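coords_28.csv follows; it contains CSV, C-alpha atoms.
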```csv
chain,number,residue,atom,x,y,z
A,18,MET,CA,75.7,73.0,77.5
A,19,LYS,CA,77.5,76.0,76.0
A,20,ASN,CA,74.2,77.3,74.5
A,21,PHE,CA,72.4,76.8,77.9
A,22,THR,CA,75.1,78.8,79.6
A,23,ILE,CA,74.8,81.6,77.1
A,24,TYR,CA,71.0,81.7,77.5
A,25,LEU,CA,71.3,81.6,81.3
A,26,ILE,CA,73.7,84.6,81.2
A,27,LEU,CA,71.3,86.5,78.9
A,28,PHE,CA,68.4,85.8,81.1
A,29,PHE,CA,70.3,87.0,84.2
A,30,PHE,CA,71.1,90.3,82.5
A,31,LEU,CA,67.5,90.7,81.3
A,32,VAL,CA,66.2,90.2,84.8
A,33,VAL,CA,68.8,92.6,86.3
A,34,SER,CA,68.0,95.3,83.7
A,35,LYS,CA,64.3,95.1,84.5
A,36,VAL,CA,64.9,95.3,88.2
A,37,ILE,CA,67.3,98.3,87.8
A,38,GLY,CA,64.8,100.0,85.4
A,39,GLN,CA,61.9,99.5,87.9
A,40,GLU,CA,64.0,100.7,90.8
A,41,THR,CA,65.1,103.7,88.8
A,42,PHE,CA,61.5,104.6,87.9
A,43,GLU,CA,60.4,104.3,91.6
A,44,SER,CA,63.4,106.4,92.8
A,45,GLU,CA,62.7,109.1,90.2
A,46,ALA,CA,59.0,109.2,91.2
A,47,LYS,CA,60.0,109.5,94.8
A,48,ARG,CA,62.5,112.2,94.0
A,49,ILE,CA,59.8,114.3,92.2
A,50,ALA,CA,57.4,113.8,95.2
A,51,ASN,CA,60.1,115.0,97.6
A,52,LYS,CA,60.7,117.9,95.3
A,53,ILE,CA,57.1,118.9,95.5
A,54,GLU,CA,57.1,118.6,99.3
A,55,LYS,CA,60.3,120.6,99.5
A,56,ILE,CA,58.8,123.4,97.4
A,57,THR,CA,55.7,123.6,99.7
A,58,LYS,CA,57.8,123.7,102.9
A,59,GLU,CA,60.2,126.3,101.5
A,60,GLU,CA,57.5,128.7,100.4
A,61,LYS,CA,55.5,128.3,103.6
A,62,GLU,CA,58.7,129.0,105.6
A,63,ALA,CA,59.3,132.1,103.5
A,64,LEU,CA,55.7,133.3,104.0
A,65,LYS,CA,56.1,132.7,107.8
A,66,GLN,CA,59.2,134.9,107.9
A,67,GLU,CA,57.4,137.7,105.9
A,68,ILE,CA,54.4,137.6,108.2
A,69,GLU,CA,56.7,137.8,111.3
A,70,ALA,CA,58.3,140.9,109.8
A,71,ILE,CA,54.8,142.5,109.3
A,72,ASN,CA,53.9,141.6,113.0
A,73,VAL,CA,57.1,143.4,114.1
A,74,GLN,CA,56.1,146.5,112.1
A,75,LEU,CA,52.6,146.3,113.7
A,76,SER,CA,54.0,146.0,117.2
A,77,GLU,CA,56.3,149.0,116.6
A,78,GLY,CA,53.3,151.1,115.4
A,79,LYS,CA,54.7,151.5,111.9
A,80,ILE,CA,51.5,150.2,110.3
A,81,THR,CA,47.9,149.7,111.4
A,82,GLN,CA,46.1,146.5,112.0
A,83,GLU,CA,44.1,147.0,108.7
A,84,GLN,CA,47.3,147.5,106.8
A,85,ALA,CA,48.9,144.5,108.4
A,86,ASP,CA,46.0,142.2,107.5
A,87,LYS,CA,45.9,143.5,103.9
A,88,ARG,CA,49.6,143.0,103.5
A,89,LYS,CA,49.4,139.4,104.9
A,90,LYS,CA,46.7,138.5,102.5
A,91,GLU,CA,48.7,139.8,99.5
A,92,LEU,CA,51.8,137.9,100.6
A,93,ALA,CA,49.8,134.7,101.1
A,94,GLU,CA,48.2,135.0,97.6
A,95,ALA,CA,51.6,135.7,96.1
A,96,ARG,CA,53.2,132.7,97.7
A,97,ALA,CA,50.2,130.5,96.7
A,98,VAL,CA,50.9,131.5,93.0
A,99,ILE,CA,54.6,130.7,93.3
A,100,ILE,CA,53.8,127.3,94.9
A,101,GLU,CA,51.3,126.5,92.2
A,102,GLU,CA,53.8,127.4,89.4
A,103,LYS,CA,56.6,125.4,90.8
A,104,VAL,CA,54.5,122.4,91.7
A,105,THR,CA,53.0,122.4,88.2
A,106,LEU,CA,56.5,122.1,86.7
A,107,ALA,CA,57.2,119.2,89.0
A,108,GLN,CA,53.9,117.5,88.2
A,109,ASN,CA,54.7,117.9,84.5
A,110,GLU,CA,58.0,116.2,85.1
A,111,LEU,CA,56.2,113.3,86.9
A,112,ASN,CA,53.6,113.0,84.1
A,113,ASP,CA,56.5,112.8,81.6
A,114,LEU,CA,58.2,110.1,83.6
A,115,VAL,CA,55.0,108.0,83.8
A,116,GLN,CA,54.5,108.5,80.0
A,117,LYS,CA,58.0,107.2,79.3
A,118,LYS,CA,57.3,104.2,81.5
A,119,VAL,CA,54.1,103.5,79.6
A,120,ASP,CA,55.9,103.9,76.2
A,121,GLY,CA,58.8,101.6,77.3
A,122,LYS,CA,61.4,104.4,77.1
A,123,ILE,CA,62.3,104.3,80.7
A,124,LYS,CA,65.2,101.9,80.3
A,125,GLU,CA,67.2,104.2,78.1
A,126,ASP,CA,66.4,107.2,80.3
A,127,SER,CA,67.0,105.3,83.5
A,128,ALA,CA,70.5,104.4,82.3
A,129,LYS,CA,71.2,108.1,81.7
A,130,ILE,CA,69.8,109.1,85.1
A,131,TYR,CA,71.9,106.4,86.8
A,132,MET,CA,75.1,107.5,85.1
A,133,ILE,CA,74.4,111.2,86.0
A,134,ARG,CA,73.7,110.3,89.6
A,135,TRP,CA,76.8,108.0,89.8
A,136,LYS,CA,79.0,110.8,88.4
A,137,SER,CA,77.4,113.2,90.9
A,138,TYR,CA,78.0,110.8,93.7
A,139,LYS,CA,81.7,110.2,92.7
A,140,HIS,CA,82.2,114.0,92.5
A,141,ASP,CA,80.7,114.6,95.9
A,142,ARG,CA,82.6,111.7,97.4
A,143,ASP,CA,85.9,112.8,95.9
A,144,SER,CA,85.5,116.5,96.4
A,145,ILE,CA,83.8,116.7,99.8
A,146,ARG,CA,84.1,113.5,101.7
A,147,GLY,CA,87.4,112.5,103.2
A,148,GLU,CA,88.9,109.0,103.7
A,149,LYS,CA,89.1,107.0,106.8
A,150,ARG,CA,92.3,107.3,108.8
A,151,THR,CA,93.3,103.8,107.6
A,152,THR,CA,92.7,102.8,104.0
A,153,SER,CA,93.6,99.7,102.0
A,154,GLN,CA,95.1,99.3,98.5
A,155,PHE,CA,95.7,96.6,95.9
A,156,VAL,CA,99.4,96.7,94.9
A,157,PHE,CA,100.9,95.5,91.6
A,158,ALA,CA,104.5,96.1,90.5
A,159,MET,CA,106.7,94.8,87.7
A,160,GLY,CA,110.0,95.7,86.1
A,161,LEU,CA,113.6,94.7,85.5
A,162,ASN,CA,115.4,92.3,87.8
A,163,ASN,CA,119.1,91.3,88.2
A,164,MET,CA,121.9,90.5,90.6
A,165,LEU,CA,124.6,92.5,92.3
A,166,ALA,CA,127.9,91.0,93.4
A,167,ASP,CA,130.6,93.1,95.0
A,168,GLY,CA,128.6,96.2,94.1
A,169,LYS,CA,128.6,95.3,90.4
A,170,LEU,CA,125.6,94.5,88.3
A,171,GLN,CA,125.8,91.0,86.9
A,172,ASP,CA,124.3,91.9,83.5
A,173,SER,CA,126.9,89.7,81.7
A,174,LYS,CA,125.6,86.6,83.5
A,175,TYR,CA,121.9,87.4,83.4
A,176,SER,CA,119.9,89.1,80.7
A,177,PHE,CA,119.3,92.7,81.5
A,178,ILE,CA,116.1,93.1,79.5
A,179,GLY,CA,114.9,89.4,79.9
A,180,SER,CA,115.1,89.3,83.7
A,181,HIS,CA,111.9,90.5,85.4
A,182,PHE,CA,110.2,90.8,88.7
A,183,TYR,CA,106.5,90.9,89.6
A,184,GLU,CA,104.8,91.7,92.8
A,185,TRP,CA,101.2,91.8,93.9
A,186,GLY,CA,99.4,92.1,97.2
A,187,PHE,CA,97.4,94.2,99.6
A,188,THR,CA,98.5,97.0,101.9
A,189,TYR,CA,97.0,99.2,104.6
A,190,ASN,CA,97.8,102.9,104.7
A,191,SER,CA,97.4,104.6,108.1
A,192,ARG,CA,97.7,108.3,108.7
A,193,LEU,CA,100.0,108.7,111.6
A,194,MET,CA,98.9,112.2,112.8
A,195,LYS,CA,95.3,113.1,113.4
A,196,ASN,CA,95.4,116.6,111.9
A,197,ASP,CA,98.2,116.2,109.4
A,198,ASN,CA,98.3,114.2,106.1
A,199,LEU,CA,102.1,114.0,105.5
A,200,LEU,CA,103.1,110.9,107.3
A,201,HIS,CA,101.6,107.4,106.7
A,202,ALA,CA,102.5,103.9,107.8
A,203,LYS,CA,102.1,101.5,104.9
A,204,TYR,CA,102.1,97.8,105.6
A,205,GLY,CA,100.7,94.6,104.1
A,206,LEU,CA,101.3,91.2,102.5
A,207,SER,CA,102.7,90.5,99.0
A,208,LEU,CA,103.9,87.8,96.7
A,209,MET,CA,107.2,88.6,95.0
A,210,TYR,CA,108.3,86.8,91.8
A,211,ASN,CA,112.0,87.3,91.0
A,212,ASN,CA,113.1,85.9,87.7
A,213,ILE,CA,116.6,85.9,86.3
A,214,ARG,CA,117.5,84.6,82.8
A,215,ALA,CA,121.0,83.2,82.4
A,216,THR,CA,123.0,84.0,79.2
A,217,GLU,CA,125.5,82.1,77.2
A,218,ASN,CA,123.4,78.9,77.2
A,219,LYS,CA,124.0,78.3,80.9
A,220,SER,CA,121.7,76.9,83.6
A,221,PHE,CA,122.0,76.4,87.4
A,222,VAL,CA,123.5,73.2,88.7
A,223,VAL,CA,123.7,72.2,92.3
A,224,ASN,CA,127.1,70.9,93.5
A,225,GLY,CA,126.8,70.2,97.2
A,226,ASP,CA,126.3,73.5,99.0
A,227,GLN,CA,127.2,75.4,95.9
A,228,THR,CA,124.8,76.4,93.1
A,229,ASN,CA,126.7,77.5,90.0
A,230,LEU,CA,125.9,78.5,86.4
A,231,GLU,CA,127.3,76.0,84.0
A,232,ILE,CA,127.1,75.5,80.2
A,233,ASN,CA,124.2,73.2,79.3
A,234,PRO,CA,125.0,70.5,76.8
A,235,ILE,CA,121.7,71.1,75.1
A,236,HIS,CA,121.1,74.3,73.1
A,237,LEU,CA,118.7,76.2,75.2
A,238,THR,CA,116.2,78.7,73.8
A,239,GLU,CA,115.5,79.9,77.4
A,240,SER,CA,117.0,79.5,80.8
A,241,ARG,CA,115.1,81.1,83.6
A,242,PHE,CA,115.4,80.8,87.4
A,243,ARG,CA,112.3,81.9,89.4
A,244,ASN,CA,112.0,82.4,93.1
A,245,VAL,CA,108.7,83.2,94.8
A,246,TYR,CA,108.5,84.9,98.2
A,247,LEU,CA,105.7,85.7,100.6
A,248,VAL,CA,106.7,89.0,102.2
A,249,LEU,CA,105.6,91.6,104.7
A,250,PRO,CA,106.5,95.0,103.3
A,251,VAL,CA,106.5,98.1,105.6
A,252,HIS,CA,107.1,101.7,104.5
A,253,LEU,CA,106.9,105.1,105.9
A,254,GLU,CA,105.0,107.1,103.2
A,255,PHE,CA,105.1,110.8,102.7
A,256,ASP,CA,102.0,111.9,101.0
A,257,PHE,CA,101.8,115.5,99.8
A,258,THR,CA,98.0,115.5,99.0
A,259,ARG,CA,96.5,118.6,100.4
A,260,PRO,CA,93.5,118.4,102.7
A,261,VAL,CA,90.1,119.7,101.6
A,262,GLN,CA,88.3,122.4,103.5
A,263,SER,CA,84.5,122.3,103.4
A,264,ASN,CA,81.9,123.8,105.7
A,265,GLY,CA,84.5,124.5,108.3
A,266,LYS,CA,85.7,120.9,108.4
A,267,THR,CA,89.0,119.4,107.1
A,268,TYR,CA,88.9,116.2,105.0
A,269,PHE,CA,92.0,114.1,104.4
A,270,LYS,CA,92.7,112.1,101.2
A,271,THR,CA,95.6,110.0,99.9
A,272,HIS,CA,97.2,109.3,96.5
A,273,LYS,CA,96.0,112.5,95.0
A,274,SER,CA,99.4,114.2,94.6
A,275,PHE,CA,103.2,113.4,94.8
A,276,ARG,CA,104.3,110.8,97.4
A,277,PHE,CA,107.2,108.7,98.2
A,278,GLY,CA,107.9,105.8,100.6
A,279,ILE,CA,111.0,104.3,102.2
A,280,GLY,CA,111.1,101.0,104.1
A,281,GLY,CA,111.8,97.4,103.6
A,282,TYR,CA,110.4,93.9,103.6
A,283,THR,CA,111.0,90.4,105.2
A,284,GLY,CA,109.5,87.1,104.2
A,285,ILE,CA,110.0,83.5,103.3
A,286,ASN,CA,110.8,81.6,100.1
A,287,VAL,CA,107.8,79.5,99.0
A,288,LYS,CA,109.1,78.2,95.7
A,289,SER,CA,112.3,77.9,93.6
A,290,LYS,CA,112.0,76.7,90.1
A,291,GLN,CA,114.2,76.5,87.0
A,292,ILE,CA,112.5,76.7,83.6
A,293,LEU,CA,114.4,75.4,80.6
A,294,LYS,CA,113.3,75.5,77.0
A,295,PHE,CA,115.0,73.8,74.0
A,296,GLU,CA,114.2,72.3,70.6
A,297,GLU,CA,115.2,68.9,69.2
A,298,GLU,CA,114.2,67.6,65.8
A,299,ASP,CA,111.6,70.3,65.3
A,300,LEU,CA,110.0,69.5,68.6
A,301,LYS,CA,109.8,72.1,71.4
A,302,TYR,CA,110.4,71.2,75.0
A,303,LYS,CA,109.8,73.0,78.2
A,304,THR,CA,111.1,71.6,81.5
A,305,ARG,CA,110.3,72.9,85.0
A,306,ILE,CA,112.7,71.7,87.7
A,307,LYS,CA,111.6,72.5,91.3
A,308,GLY,CA,114.0,72.3,94.2
A,309,ASP,CA,115.6,74.3,97.0
A,310,TYR,CA,118.8,75.1,94.9
A,311,ASN,CA,120.5,76.1,98.2
A,312,VAL,CA,118.4,79.3,98.1
A,313,ASN,CA,118.0,81.2,101.4
A,314,ASN,CA,114.7,80.3,103.0
A,315,PHE,CA,114.3,83.8,104.3
A,316,ILE,CA,114.5,87.1,102.6
A,317,TYR,CA,114.8,90.7,103.8
A,318,GLY,CA,115.7,93.9,102.1
A,319,LEU,CA,115.2,97.6,101.5
A,320,SER,CA,112.7,99.2,99.2
A,321,SER,CA,111.5,102.6,98.2
A,322,TYR,CA,109.1,104.3,95.7
A,323,ILE,CA,108.4,107.8,94.5
A,324,GLY,CA,105.6,108.8,92.2
A,325,TYR,CA,102.4,110.7,91.6
A,326,ARG,CA,98.9,109.6,92.6
A,327,ASP,CA,98.6,105.8,92.0
A,328,LEU,CA,101.7,105.2,89.9
A,329,SER,CA,105.3,105.3,91.2
A,330,LEU,CA,108.9,104.3,90.4
A,331,TYR,CA,109.8,101.3,92.6
A,332,PHE,CA,113.2,100.1,93.8
A,333,LYS,CA,114.0,97.1,96.0
A,334,TYR,CA,117.2,95.4,97.0
A,335,ASP,CA,117.7,92.1,99.0
A,336,LEU,CA,120.2,92.5,101.9
A,337,ASN,CA,120.8,88.8,102.1
A,338,PRO,CA,122.3,86.8,99.1
A,339,LEU,CA,120.2,84.6,96.9
A,340,PHE,CA,122.1,81.4,97.7
A,341,GLN,CA,123.1,80.5,101.3
A,342,ASP,CA,126.7,79.4,101.0
A,343,ASN,CA,127.9,80.3,97.5
A,344,LEU,CA,131.4,81.7,97.4
A,345,VAL,CA,130.3,84.6,95.3
A,346,LYS,CA,127.5,86.4,97.1
A,347,GLU,CA,124.8,87.7,94.7
A,348,ASN,CA,122.0,89.9,95.9
A,349,ASN,CA,118.8,90.5,94.0
A,350,ILE,CA,118.0,94.0,92.8
A,351,SER,CA,114.9,95.3,91.1
A,352,LEU,CA,113.6,98.5,89.4
A,353,GLY,CA,110.2,99.0,88.0
A,354,LEU,CA,106.8,100.6,88.2
A,355,ARG,CA,104.3,100.2,91.0
A,356,LEU,CA,100.5,100.7,91.2
A,357,ASP,CA,98.7,101.4,94.5
A,358,LEU,CA,95.0,101.3,93.8
A,359,ASN,CA,92.7,102.5,96.6
```

What would the structure in this file look like if it were written as structure tokens?
Amino acid sequence: MKNFTIYLILFFFLVVSKVIGQETFESEAKRIANKIEKITKEEKEALKQEIEAINVQLSEGKITQEQADKRKKELAEARAVIIEEKVTLAQNELNDLVQKKVDGKIKEDSAKIYMIRWKSYKHDRDSIRGEKRTTSQFVFAMGLNNMLADGKLQDSKYSFIGSHFYEWGFTYNSRLMKNDNLLHAKYGLSLMYNNIRATENKSFVVNGDQTNLEINPIHLTESRFRNVYLVLPVHLEFDFTRPVQSNGKTYFKTHKSFRFGIGGYTGINVKSKQILKFEEEDLKYKTRIKGDYNVNNFIYGLSSYIGYRDLSLYFKYDLNPLFQDNLVKENNISLGLRLDLN
């Protein structure tokens, strides 16, 4: 079965490469044909303008009819020579393409042609074409996570380096003003993973409506508490990307310069889980304990980011405490890096 899968994949790529090679040959042949047609049209148009100029001179009496006819004949012969020379070069290019196809060299050349055209397309798209007024991005963020109580960081209770957060989702970015690129509304849907690692061999224990850290009788190699939230983030983004001027038109882009956003988020808790690792008699154990742990079902907070192009420094802070009725109110706080990929 494994070998069959490998052969199937190889066959698929072989077919695709042949199709791409054939399409590239046809597109190149068409390009050369269009080039020949363009040469003929341009030279005929140039001859037409030259003849019109001679007719003007004739109507103004600057030259005689005989001189006009002679001059038109000379110009026509000169343009015919130019057309022949340029078309010959294009025909040689076509003959070379056909010969490469016959010799089986078109695959390598077609790949080069494809890459050149793709780079040219990207350059044209990035440098000339603008973006739609509303664009979309994939968002990924990660960094350090901890808790605040009475305005103080609880880094003695939770590992400062070992506690992390992750976030991924999708956002929309809408330019608020038609002819100005500074202000954008950024909104979307994300999954947040907030992890805190308890220190001093402690783990969370539920006692009625209280959820407390207590020393675990088993020597733990890891004690991690994870909460997963489905949130709706909303930010007002200031994007300092300058618009591009081309052919008298203004094109707007995003994420090409410095930018920062300020806003917040609201959402619901979809999972709470405690992960405990320990060893006994040279055996390693990993226990996952799911439950509500008296965690708030809803979450809301403030967030902000500042950065350059796709990468930014990201800060978020929960306005409501992690646990509903704990005597000591602890609020989640995070700092990390954020990627917004168009």

Could you give me, as a ChimeraX atom specification, the residues within 10 Å of stretch 323-325 of chain A, counting only C-alpha atoms and dropping anything in the same chain fewer than 3 positions from it? /A:254-258,272-279,328-332,354-356

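Pairwise distance (atom CA of A:Leu64, atom CA of A:Lys52) equals 18.4 Å.
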
Expressed in Å to a single decimal, how great is the separation between atom CA of A:Glu184 and atom CA of A:Tyr322? 13.6 Å

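Nearest residue to A:Ser321 among A:Phe340, A:Phe182, A:Phe295, A:Tyr282 is A:Tyr282, counting all atoms listed in the file.
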
Could you tell me, as an MDAnalysis selection string, which residues have any atom at most 9 Å from (107.0, 91.2, 104.2), counting only C-alpha atoms? chainID A and resid 204:208 246:251 281:285 316:317

Quick one: everything within 8 Å of A:Tyr175, counting all atoms listed in the file, minus sequence neighbours fewer than 6 positions away in the same chain. Send it as a list in words. Asn163, Met164, Ile213, Arg214, Ala215 and Thr216 of chain A

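Shortest atom-to-atom contact with A:Lys103 among A:Val287, A:Gly78, A:Glu60, A:Glu67: A:Glu60, counting only C-alpha atoms.
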
Contact residues around A:Ile232 with all atoms listed in the file at 8 Å, ignoring same-chain residues under 3 positions, as a compact mmCIF listing (two decimals) with C-alpha atoms, in the coordinates of the input:
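Saved result, around-v5.txt, follows:
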```txt
# COMPACT_ATOMS: atom_id res chain seq x y z
CA GLU A 217 125.50 82.10 77.20
CA ASN A 218 123.40 78.90 77.20
CA LYS A 219 124.00 78.30 80.90
CA SER A 220 121.70 76.90 83.60
```

Just the number, please: distance in Å from atom CA of A:Ala63 to atom CA of A:Arg96, one decimal. 8.4 Å
